[in-house]
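Some notes on the structure that comes next.
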Amino acid sequence: MNSIELAVEGMTCGSCANAVRKALARVPGVTAVDVDLARGRATVTSLDAGNHQQSMLDALTEAGYVGKLDSGPSAARREAPSSPSSGHCASGKTSQGQGACCCGH
């Protein structure tokens with residue numbers, strides 16, 4: 001098994017992170033997904049991550065997020081997105097929007 005790290009744009013709350021986790025977990029061959037909301041990253045462990053990269057990016061797009069392969073030493077040092085909410089939706093909305101998120105994402 002191997003892992004890849006994806007940069008995920010558009011995650012703003014815990015519901016976003018959960019939607020990203022679920023979308024990536026549905027990709028065939030994926031065995032584990034760890035989403036870091038504060039850093040805007042998802043680490044995906046797969047039987048053969050190299051052959052499933054496009055499927056992972058497509059799953060993120062379908063869920064309403066933008067995913068990019070994140071590799072290299074500079075990727076780990078990037079700043080976190082500005083003020084994401086931790087574990088709850090900052091907008092106060094309770095209805096789910098695109099991507100199954102309460103904040104309309």
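Ordering of the structure tokens sets the chain letters (A, B, ...), residue numbers begin anew at 1 in every chain, and ligands are numbered from 1 in the order given.
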
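The list of residues with at least one atom within 7 Å of A:Leu37, based on only C-alpha atoms and without residues fewer than 3 positions apart in the same chain, reads Met11, Ala17, Gly40 and Arg41 of chain A.
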
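Comparing the minimum interatomic distances between A:Asn51 and each of A:Gly29, A:Asp36, A:Val20, A:Asp70, counting only C-alpha atoms, we find that A:Gly29 sits nearest.
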
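Of the residues in stretch 18-52 of chain A, those given alpha helix (DSSP H) by DSSP on the backbone are Asn18, Ala19, Val20, Arg21, Lys22, Ala23, Leu24, Ala25, Ala49, Gly50, Asn51 and His52 of chain A.
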
Restricting it to all heavy atoms, dump the selection as a compact mmCIF listing (two decimals), in the first residue's frame.
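Ended up saving to selection14.txt:
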# COMPACT_ATOMS: atom_id res chain seq x y z
N ASN A 18 -15.78 16.08 6.13
CA ASN A 18 -16.46 14.79 6.10
C ASN A 18 -16.90 14.43 4.68
O ASN A 18 -16.80 13.27 4.28
CB ASN A 18 -17.66 14.83 7.05
CG ASN A 18 -18.20 13.45 7.33
OD1 ASN A 18 -17.44 12.50 7.51
ND2 ASN A 18 -19.52 13.33 7.37
N ALA A 19 -17.38 15.40 3.92
CA ALA A 19 -17.79 15.15 2.53
C ALA A 19 -16.58 14.72 1.70
O ALA A 19 -16.67 13.81 0.87
CB ALA A 19 -18.43 16.40 1.93
N VAL A 20 -15.43 15.36 1.91
CA VAL A 20 -14.21 15.00 1.21
C VAL A 20 -13.79 13.58 1.59
O VAL A 20 -13.46 12.76 0.73
CB VAL A 20 -13.08 16.02 1.51
CG1 VAL A 20 -11.72 15.49 1.10
CG2 VAL A 20 -13.38 17.34 0.82
N ARG A 21 -13.83 13.27 2.87
CA ARG A 21 -13.46 11.94 3.35
C ARG A 21 -14.34 10.87 2.70
O ARG A 21 -13.84 9.86 2.19
CB ARG A 21 -13.60 11.88 4.87
CG ARG A 21 -13.14 10.60 5.51
CD ARG A 21 -13.24 10.64 7.03
NE ARG A 21 -12.38 11.66 7.61
CZ ARG A 21 -12.81 12.82 8.14
NH1 ARG A 21 -14.09 13.10 8.20
NH2 ARG A 21 -11.95 13.68 8.63
N LYS A 22 -15.64 11.09 2.69
CA LYS A 22 -16.56 10.11 2.11
C LYS A 22 -16.35 9.95 0.60
O LYS A 22 -16.39 8.84 0.08
CB LYS A 22 -18.01 10.53 2.39
CG LYS A 22 -18.43 10.31 3.81
CD LYS A 22 -19.87 10.74 4.02
CE LYS A 22 -20.30 10.53 5.44
NZ LYS A 22 -21.70 10.96 5.64
N ALA A 23 -16.15 11.06 -0.10
CA ALA A 23 -15.95 11.01 -1.55
C ALA A 23 -14.71 10.20 -1.90
O ALA A 23 -14.73 9.35 -2.80
CB ALA A 23 -15.85 12.42 -2.13
N LEU A 24 -13.63 10.44 -1.17
CA LEU A 24 -12.38 9.72 -1.45
C LEU A 24 -12.46 8.26 -1.03
O LEU A 24 -11.90 7.38 -1.69
CB LEU A 24 -11.21 10.41 -0.76
CG LEU A 24 -10.83 11.78 -1.34
CD1 LEU A 24 -9.84 12.49 -0.44
CD2 LEU A 24 -10.28 11.63 -2.75
N ALA A 25 -13.17 7.96 0.04
CA ALA A 25 -13.30 6.59 0.52
C ALA A 25 -14.06 5.71 -0.47
O ALA A 25 -13.87 4.49 -0.49
CB ALA A 25 -13.99 6.57 1.88
N ALA A 49 -2.12 3.74 -5.23
CA ALA A 49 -2.55 5.14 -5.34
C ALA A 49 -2.17 5.75 -6.68
O ALA A 49 -2.89 6.58 -7.22
CB ALA A 49 -1.95 5.96 -4.21
N GLY A 50 -1.05 5.35 -7.25
CA GLY A 50 -0.60 5.90 -8.52
C GLY A 50 -1.59 5.68 -9.65
O GLY A 50 -1.76 6.52 -10.52
N ASN A 51 -2.27 4.53 -9.63
CA ASN A 51 -3.24 4.23 -10.68
C ASN A 51 -4.62 4.80 -10.40
O ASN A 51 -5.49 4.73 -11.26
CB ASN A 51 -3.35 2.71 -10.89
CG ASN A 51 -2.13 2.16 -11.58
OD1 ASN A 51 -1.44 2.86 -12.33
ND2 ASN A 51 -1.84 0.90 -11.34
N HIS A 52 -4.83 5.34 -9.22
CA HIS A 52 -6.16 5.85 -8.85
C HIS A 52 -6.18 7.36 -8.66
O HIS A 52 -7.19 7.91 -8.22
CB HIS A 52 -6.65 5.16 -7.59
CG HIS A 52 -6.81 3.68 -7.73
ND1 HIS A 52 -7.79 3.11 -8.50
CD2 HIS A 52 -6.08 2.66 -7.21
CE1 HIS A 52 -7.67 1.80 -8.45
NE2 HIS A 52 -6.64 1.50 -7.68

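Taking atom CA of A:Thr61 and atom CA of A:Leu47 as endpoints, the distance between them is 21.7 Å.
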
Inset, instruction - Quote the spacing between atom CA of A:Gly14 and atom CA of A:Ser55 in Å to one decimal place. - result: 23.1 Å

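As for atom CA of A:Asp48 and atom CA of A:Val8, they are spaced 20.3 Å apart.
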
Legend entry - Residue neighbourhood A:Gly10, 9 Å, only C-alpha atoms, exclusion window fewer than 3 positions, as a list in words: Cys16, Gly40, Gly64, Tyr65, Val66 and His105 of chain A

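Counting only C-alpha atoms and comparing A:Val33, A:Ser15, A:Val44, A:Asp58, the residue that lies closest to A:Ser3 is A:Val44.
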
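Nearest to A:Gln53 of all the residues A:Ile4, A:Arg26, A:Arg39, A:Ala32 is A:Ile4, counting only C-alpha atoms.
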
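Among A:Val30, A:Ala38, A:Cys13, A:Leu6, the residue with the shortest atom-to-atom distance to A:Leu57, counting only C-alpha atoms, is A:Leu6.
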
Legend entry - For A:Glu62, the nearest of the candidates A:Met1, A:Ser46, A:Ala7, A:Val27, counting only C-alpha atoms: A:Val27
